[in-house]
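*Asks:* The following block contains the structure, expressed as structure tokens.
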Amino acid sequence: MAGSPAPVRVEASGGVLEITLDRPPANAVDVATSHALYEAFARLETDPGLRVGIVTAAGGRFFCAGWDLRAAAAGEAVDADHGPGGFAGLTELHGRTKPVIAAVNGIAAGGGFELVLAADLVVAAEHAEFRLPETGLGMIPDSGGVLRLPRRLPRPVAMELLLTGRPMTAAEASGRGLINQVIPGDQLMPTAQALAARVIRSAPLAVAAVLEVLDATEGCTVRDGFALLRSGTLPRYAAMLASGDAAEGPAAFAERRPPAWKSR
């Protein structure tokens with residue numbers, strides 16, 4: 001509708017791109033919103049001045065309620081094309097070179113939880129909850145939930161969440177190692193921004209290489225992972241090894257000064 005507010009807001013500052021989902025009342029995601037989120041994550045990847053993304057949401061009750069069921073009722077198909085990054089622009093955005101922090105300010109349900117699972121780091125407000133209600137709606141969480149959750153949690157716990165849709169509190173998610181920090185809601189964005197600042201202090205190529213190696217070796221045995229590392233087929237890892245930053249880091253440490261990273 002003409003004049004409708006944008007469902008996604010972006011703001012860049014100090015190497016960080018803050019991406020805010022803003023679709024009241026529950027920040028649910030339809031196809032257009034998925035494409036808008038993808039454009040934001042693509043900007044993070046392609047802008048050399050950006051190092052880290054933070055994805056959060058407007059309001060205080062919902063981070064994201066997942067797929068917009070009103071759009072579904074209006075005819076949006078369950079297997080609709082959500083764009084190059086998959087649902088919510090991130091769940092199938094593979095090969096990323098820059099990390100994304102999810103700052104979860106409320107309920108993350110269905111695809112909203114899958115968006116969180118696609119992020120690299122997660123901070124959550126104390127009142128946040130995580131749930132996958134899809135089986136109760138005649139579907140499965142096939143935007144990453146059924147794939148990623150059993151890799152992050154003990155299988156019986158993941159199965160319970162997948163089969164029953166019961167909510168997991170932020171405290172439980174933290175206790176099970178699913179998220180990084182739980183903080184009071186008014187400290188959520190400052191905490192996410194501080195975490196982003198710590199990532200930015202690391203060498204850009206090294207950060208990109210970590211993401212590349214993790215992506216390439218997920219599911220590998222340790223032996224096969226080492227074989228892949230030594231194969232010469234991981235370009236960002238190879239670029240990191242050959243970069244001046246690989247010498248700058250030890251030199252800065254020995255000279256007791258901050259490193260001056262030059263490679264991107």
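Just so we're on the same page: first chain in the structure tokens is A, next is B, and so on; residues restart at 1 for each chain, and ligands are numbered from 1 in the order they show up.
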Mind checking which residues fall within 10 Å of Gly144 in chain A, counting only C-alpha atoms, ignoring those fewer than 4 positions away in the same chain, and posting them as number ranges by chain?

*Replies:* A: 86-87, 91-92, 110-111, 113-118, 140, 148-149

*Asks:* For range 188-201 of chain A, work out the shell of residues within 10 Å, counting only C-alpha atoms and skipping chain neighbours fewer than 2 positions away, then give it as a PyMOL selection string.

*Replies:* chain A and resi 14-18+50-56+98-105+121-126+181-186+203-204+207+258-261

*Asks:* With N, CA, C and O atoms retained, export the selected residues as a compact mmCIF listing (two decimals), in the first residue's frame.

*Replies:*
```
# COMPACT_ATOMS: atom_id res chain seq x y z
N GLY A 14 29.93 3.27 12.66
CA GLY A 14 31.14 2.69 13.21
C GLY A 14 31.42 1.27 12.77
O GLY A 14 31.95 0.47 13.54
N GLY A 15 31.08 0.94 11.53
CA GLY A 15 31.35 -0.40 11.03
C GLY A 15 30.26 -1.40 11.34
O GLY A 15 30.36 -2.57 10.96
N VAL A 16 29.19 -0.98 12.01
CA VAL A 16 28.09 -1.87 12.39
C VAL A 16 26.83 -1.48 11.63
O VAL A 16 26.49 -0.29 11.55
N LEU A 17 26.16 -2.45 11.05
CA LEU A 17 24.87 -2.21 10.40
C LEU A 17 23.77 -2.76 11.30
O LEU A 17 23.70 -3.98 11.52
N GLU A 18 22.95 -1.86 11.83
CA GLU A 18 21.82 -2.28 12.66
C GLU A 18 20.59 -2.44 11.78
O GLU A 18 20.19 -1.51 11.07
N LEU A 50 31.59 -1.87 6.44
CA LEU A 50 30.81 -2.56 7.47
C LEU A 50 31.50 -3.84 7.89
O LEU A 50 32.04 -4.57 7.06
N ARG A 51 31.46 -4.14 9.17
CA ARG A 51 32.15 -5.32 9.70
C ARG A 51 31.21 -6.32 10.38
O ARG A 51 31.47 -7.52 10.36
N VAL A 52 30.14 -5.82 11.00
CA VAL A 52 29.25 -6.68 11.78
C VAL A 52 27.81 -6.19 11.59
O VAL A 52 27.57 -4.98 11.47
N GLY A 53 26.86 -7.14 11.57
CA GLY A 53 25.46 -6.78 11.54
C GLY A 53 24.78 -7.11 12.86
O GLY A 53 25.16 -8.07 13.54
N ILE A 54 23.81 -6.31 13.25
CA ILE A 54 22.95 -6.60 14.40
C ILE A 54 21.52 -6.60 13.89
O ILE A 54 21.07 -5.61 13.31
N VAL A 55 20.81 -7.71 14.07
CA VAL A 55 19.41 -7.76 13.68
C VAL A 55 18.56 -7.79 14.94
O VAL A 55 18.78 -8.58 15.86
N THR A 56 17.61 -6.88 15.02
CA THR A 56 16.72 -6.78 16.17
C THR A 56 15.34 -6.40 15.66
O THR A 56 15.07 -6.50 14.46
N LYS A 98 30.84 -11.84 7.04
CA LYS A 98 30.73 -10.93 8.18
C LYS A 98 29.67 -11.47 9.15
O LYS A 98 28.58 -11.87 8.71
N PRO A 99 29.97 -11.46 10.43
CA PRO A 99 29.05 -12.06 11.40
C PRO A 99 27.81 -11.20 11.65
O PRO A 99 27.83 -9.98 11.51
N VAL A 100 26.75 -11.89 12.05
CA VAL A 100 25.49 -11.25 12.40
C VAL A 100 25.16 -11.60 13.85
O VAL A 100 25.22 -12.76 14.25
N ILE A 101 24.82 -10.57 14.61
CA ILE A 101 24.39 -10.73 16.00
C ILE A 101 22.88 -10.56 16.03
O ILE A 101 22.35 -9.57 15.51
N ALA A 102 22.17 -11.50 16.65
CA ALA A 102 20.73 -11.34 16.87
C ALA A 102 20.53 -10.76 18.26
O ALA A 102 21.02 -11.32 19.24
N ALA A 103 19.84 -9.64 18.34
CA ALA A 103 19.49 -9.01 19.62
C ALA A 103 18.00 -9.24 19.82
O ALA A 103 17.17 -8.53 19.25
N VAL A 104 17.66 -10.25 20.61
CA VAL A 104 16.29 -10.75 20.69
C VAL A 104 15.55 -10.04 21.81
O VAL A 104 15.84 -10.26 23.00
N ASN A 105 14.59 -9.22 21.43
CA ASN A 105 13.92 -8.36 22.40
C ASN A 105 12.53 -8.86 22.80
O ASN A 105 11.77 -8.13 23.42
N LEU A 121 25.92 -14.91 16.62
CA LEU A 121 25.95 -14.62 18.04
C LEU A 121 24.56 -14.15 18.45
O LEU A 121 23.86 -13.53 17.65
N VAL A 122 24.17 -14.44 19.69
CA VAL A 122 22.82 -14.10 20.12
C VAL A 122 22.85 -13.53 21.54
O VAL A 122 23.41 -14.15 22.45
N VAL A 123 22.25 -12.34 21.71
CA VAL A 123 21.98 -11.81 23.04
C VAL A 123 20.47 -11.65 23.16
O VAL A 123 19.79 -11.33 22.18
N ALA A 124 19.94 -11.89 24.33
CA ALA A 124 18.49 -11.89 24.48
C ALA A 124 18.09 -11.17 25.75
O ALA A 124 18.77 -11.25 26.78
N ALA A 125 16.96 -10.48 25.66
CA ALA A 125 16.37 -9.86 26.85
C ALA A 125 15.84 -10.95 27.77
O ALA A 125 15.50 -12.06 27.33
N GLU A 126 15.77 -10.65 29.05
CA GLU A 126 15.34 -11.64 30.04
C GLU A 126 13.96 -12.21 29.75
O GLU A 126 13.67 -13.37 30.06
N GLN A 181 24.24 -14.41 25.78
CA GLN A 181 23.99 -13.64 27.00
C GLN A 181 22.51 -13.38 27.17
O GLN A 181 21.78 -13.24 26.18
N VAL A 182 22.09 -13.29 28.43
CA VAL A 182 20.74 -12.85 28.78
C VAL A 182 20.90 -11.60 29.62
O VAL A 182 21.65 -11.60 30.61
N ILE A 183 20.21 -10.53 29.24
CA ILE A 183 20.36 -9.27 29.95
C ILE A 183 19.00 -8.57 30.10
O ILE A 183 18.06 -8.91 29.40
N PRO A 184 18.90 -7.62 31.01
CA PRO A 184 17.67 -6.84 31.09
C PRO A 184 17.38 -6.16 29.75
O PRO A 184 18.30 -5.78 29.01
N GLY A 185 16.10 -6.01 29.43
CA GLY A 185 15.70 -5.48 28.14
C GLY A 185 16.31 -4.14 27.80
O GLY A 185 16.67 -3.88 26.64
N ASP A 186 16.46 -3.25 28.81
CA ASP A 186 16.99 -1.92 28.51
C ASP A 186 18.49 -1.93 28.22
O ASP A 186 19.05 -0.92 27.79
N ALA A 203 40.90 -9.13 13.37
CA ALA A 203 41.28 -8.90 11.98
C ALA A 203 40.14 -9.31 11.04
O ALA A 203 39.59 -10.41 11.17
N PRO A 204 39.77 -8.45 10.09
CA PRO A 204 38.66 -8.76 9.18
C PRO A 204 38.83 -10.08 8.44
O PRO A 204 37.89 -10.86 8.33
N VAL A 207 38.28 -13.03 10.78
CA VAL A 207 36.86 -13.24 11.07
C VAL A 207 36.20 -13.93 9.88
O VAL A 207 35.44 -14.90 10.05
N PRO A 258 48.23 -1.71 19.83
CA PRO A 258 47.08 -2.24 19.10
C PRO A 258 47.46 -2.58 17.67
O PRO A 258 48.26 -1.86 17.04
N PRO A 259 46.96 -3.65 17.12
CA PRO A 259 47.28 -3.99 15.73
C PRO A 259 46.62 -3.01 14.76
O PRO A 259 45.57 -2.45 15.03
N ALA A 260 47.27 -2.82 13.63
CA ALA A 260 46.73 -1.97 12.56
C ALA A 260 46.41 -2.88 11.38
O ALA A 260 47.26 -3.17 10.55
N TRP A 261 45.17 -3.37 11.34
CA TRP A 261 44.76 -4.28 10.27
C TRP A 261 44.63 -3.54 8.95
O TRP A 261 44.08 -2.46 8.89
```

*Asks:* DSSP on the backbone, strand (DSSP E) only: what residues of range 7-175 of chain A does that give? Format it as a PyMOL selection string.

*Replies:* chain A and resi 8-13+16-21+52-57+62-64+100-104+107-109+121-125+129-131+168-169

*Asks:* With N, CA, C and O atoms retained, write the just-selected residues as a compact mmCIF listing (two decimals), in the first residue's frame.

*Replies:*
```txt
# COMPACT_ATOMS: atom_id res chain seq x y z
N VAL A 8 11.53 -2.85 7.25
CA VAL A 8 12.89 -3.05 7.75
C VAL A 8 13.61 -1.71 7.74
O VAL A 8 13.61 -1.00 6.73
N ARG A 9 14.20 -1.35 8.86
CA ARG A 9 14.99 -0.13 8.96
C ARG A 9 16.46 -0.49 9.13
O ARG A 9 16.78 -1.46 9.83
N VAL A 10 17.34 0.27 8.50
CA VAL A 10 18.78 0.01 8.64
C VAL A 10 19.49 1.29 9.02
O VAL A 10 19.11 2.39 8.60
N GLU A 11 20.53 1.14 9.82
CA GLU A 11 21.36 2.28 10.23
C GLU A 11 22.79 1.81 10.39
O GLU A 11 23.06 0.81 11.09
N ALA A 12 23.70 2.49 9.71
CA ALA A 12 25.11 2.13 9.76
C ALA A 12 25.87 3.13 10.62
O ALA A 12 25.68 4.34 10.50
N SER A 13 26.73 2.62 11.49
CA SER A 13 27.54 3.48 12.35
C SER A 13 28.74 2.71 12.86
O SER A 13 28.59 1.61 13.42
N VAL A 16 29.19 -0.98 12.01
CA VAL A 16 28.09 -1.87 12.39
C VAL A 16 26.83 -1.48 11.63
O VAL A 16 26.49 -0.29 11.55
N LEU A 17 26.16 -2.45 11.05
CA LEU A 17 24.87 -2.21 10.40
C LEU A 17 23.77 -2.76 11.30
O LEU A 17 23.70 -3.98 11.52
N GLU A 18 22.95 -1.86 11.83
CA GLU A 18 21.82 -2.28 12.66
C GLU A 18 20.59 -2.44 11.78
O GLU A 18 20.19 -1.51 11.07
N ILE A 19 20.01 -3.61 11.82
CA ILE A 19 18.87 -3.98 10.98
C ILE A 19 17.68 -4.22 11.91
O ILE A 19 17.72 -5.12 12.76
N THR A 20 16.64 -3.41 11.77
CA THR A 20 15.49 -3.48 12.67
C THR A 20 14.24 -3.90 11.91
O THR A 20 13.80 -3.21 10.99
N LEU A 21 13.69 -5.04 12.30
CA LEU A 21 12.42 -5.51 11.75
C LEU A 21 11.30 -4.73 12.42
O LEU A 21 11.22 -4.70 13.65
N VAL A 52 30.14 -5.82 11.00
CA VAL A 52 29.25 -6.68 11.78
C VAL A 52 27.81 -6.19 11.59
O VAL A 52 27.57 -4.98 11.47
N GLY A 53 26.86 -7.14 11.57
CA GLY A 53 25.46 -6.78 11.54
C GLY A 53 24.78 -7.11 12.86
O GLY A 53 25.16 -8.07 13.54
N ILE A 54 23.81 -6.31 13.25
CA ILE A 54 22.95 -6.60 14.40
C ILE A 54 21.52 -6.60 13.89
O ILE A 54 21.07 -5.61 13.31
N VAL A 55 20.81 -7.71 14.07
CA VAL A 55 19.41 -7.76 13.68
C VAL A 55 18.56 -7.79 14.94
O VAL A 55 18.78 -8.58 15.86
N THR A 56 17.61 -6.88 15.02
CA THR A 56 16.72 -6.78 16.17
C THR A 56 15.34 -6.40 15.66
O THR A 56 15.07 -6.50 14.46
N ALA A 57 14.45 -6.01 16.56
CA ALA A 57 13.09 -5.70 16.14
C ALA A 57 12.52 -4.56 16.96
O ALA A 57 12.95 -4.31 18.09
N PHE A 62 7.42 -8.87 20.82
CA PHE A 62 7.84 -9.82 19.80
C PHE A 62 9.16 -9.39 19.16
O PHE A 62 9.31 -8.25 18.75
N PHE A 63 10.09 -10.33 19.08
CA PHE A 63 11.22 -10.18 18.18
C PHE A 63 10.73 -10.46 16.77
O PHE A 63 10.87 -9.63 15.87
N CYS A 64 10.15 -11.63 16.58
CA CYS A 64 9.56 -11.98 15.30
C CYS A 64 8.67 -13.19 15.49
O CYS A 64 9.11 -14.21 16.04
N VAL A 100 26.75 -11.89 12.05
CA VAL A 100 25.49 -11.25 12.40
C VAL A 100 25.16 -11.60 13.85
O VAL A 100 25.22 -12.76 14.25
N ILE A 101 24.82 -10.57 14.61
CA ILE A 101 24.39 -10.73 16.00
C ILE A 101 22.88 -10.56 16.03
O ILE A 101 22.35 -9.57 15.51
N ALA A 102 22.17 -11.50 16.65
CA ALA A 102 20.73 -11.34 16.87
C ALA A 102 20.53 -10.76 18.26
O ALA A 102 21.02 -11.32 19.24
N ALA A 103 19.84 -9.64 18.34
CA ALA A 103 19.49 -9.01 19.62
C ALA A 103 18.00 -9.24 19.82
O ALA A 103 17.17 -8.53 19.25
N VAL A 104 17.66 -10.25 20.61
CA VAL A 104 16.29 -10.75 20.69
C VAL A 104 15.55 -10.04 21.81
O VAL A 104 15.84 -10.26 23.00
N ILE A 107 9.50 -12.41 21.98
CA ILE A 107 9.21 -13.76 21.52
C ILE A 107 9.78 -13.97 20.12
O ILE A 107 9.55 -13.18 19.21
N ALA A 108 10.53 -15.05 19.96
CA ALA A 108 11.03 -15.48 18.65
C ALA A 108 10.36 -16.80 18.34
O ALA A 108 10.74 -17.84 18.89
N ALA A 109 9.34 -16.76 17.50
CA ALA A 109 8.53 -17.95 17.24
C ALA A 109 8.68 -18.38 15.79
O ALA A 109 8.78 -17.54 14.89
N LEU A 121 25.92 -14.91 16.62
CA LEU A 121 25.95 -14.62 18.04
C LEU A 121 24.56 -14.15 18.45
O LEU A 121 23.86 -13.53 17.65
N VAL A 122 24.17 -14.44 19.69
CA VAL A 122 22.82 -14.10 20.12
C VAL A 122 22.85 -13.53 21.54
O VAL A 122 23.41 -14.15 22.45
N VAL A 123 22.25 -12.34 21.71
CA VAL A 123 21.98 -11.81 23.04
C VAL A 123 20.47 -11.65 23.16
O VAL A 123 19.79 -11.33 22.18
N ALA A 124 19.94 -11.89 24.33
CA ALA A 124 18.49 -11.89 24.48
C ALA A 124 18.09 -11.17 25.75
O ALA A 124 18.77 -11.25 26.78
N ALA A 125 16.96 -10.48 25.66
CA ALA A 125 16.37 -9.86 26.85
C ALA A 125 15.84 -10.95 27.77
O ALA A 125 15.50 -12.06 27.33
N GLU A 129 11.54 -15.34 24.59
CA GLU A 129 11.19 -16.75 24.51
C GLU A 129 11.44 -17.25 23.10
O GLU A 129 11.40 -16.48 22.13
N PHE A 130 11.68 -18.56 22.99
CA PHE A 130 11.96 -19.19 21.71
C PHE A 130 11.04 -20.40 21.55
O PHE A 130 10.93 -21.21 22.45
N ARG A 131 10.39 -20.49 20.39
CA ARG A 131 9.48 -21.62 20.18
C ARG A 131 9.34 -21.92 18.70
O ARG A 131 9.49 -21.04 17.85
N MET A 168 10.83 -22.09 25.06
CA MET A 168 12.06 -22.12 25.84
C MET A 168 12.36 -20.70 26.28
O MET A 168 12.40 -19.78 25.46
N THR A 169 12.55 -20.52 27.56
CA THR A 169 12.86 -19.18 28.07
C THR A 169 14.29 -18.79 27.71
O THR A 169 15.12 -19.64 27.38
```

*Asks:* Restricting the calculation to only C-alpha atoms: of A:Asp245, A:Asp215, A:Glu76, A:Asp224, which residue gets closest to Arg96 in chain A?

*Replies:*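 Among the listed residues, A:Asp215 lies closest to Arg96 in chain A.
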
*Asks:* So that I can check the surroundings of Thr217 in chain A, please list as a list of chain:residue names every protein, DNA and RNA residue that reaches within 9 Å of it, counting only C-alpha atoms and ignoring chain neighbours fewer than 6 positions away.

*Replies:*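 Near Thr217 in chain A, the qualifying residues are A:Asp224, A:Gly225, A:Phe226, A:Leu228, A:Leu229.
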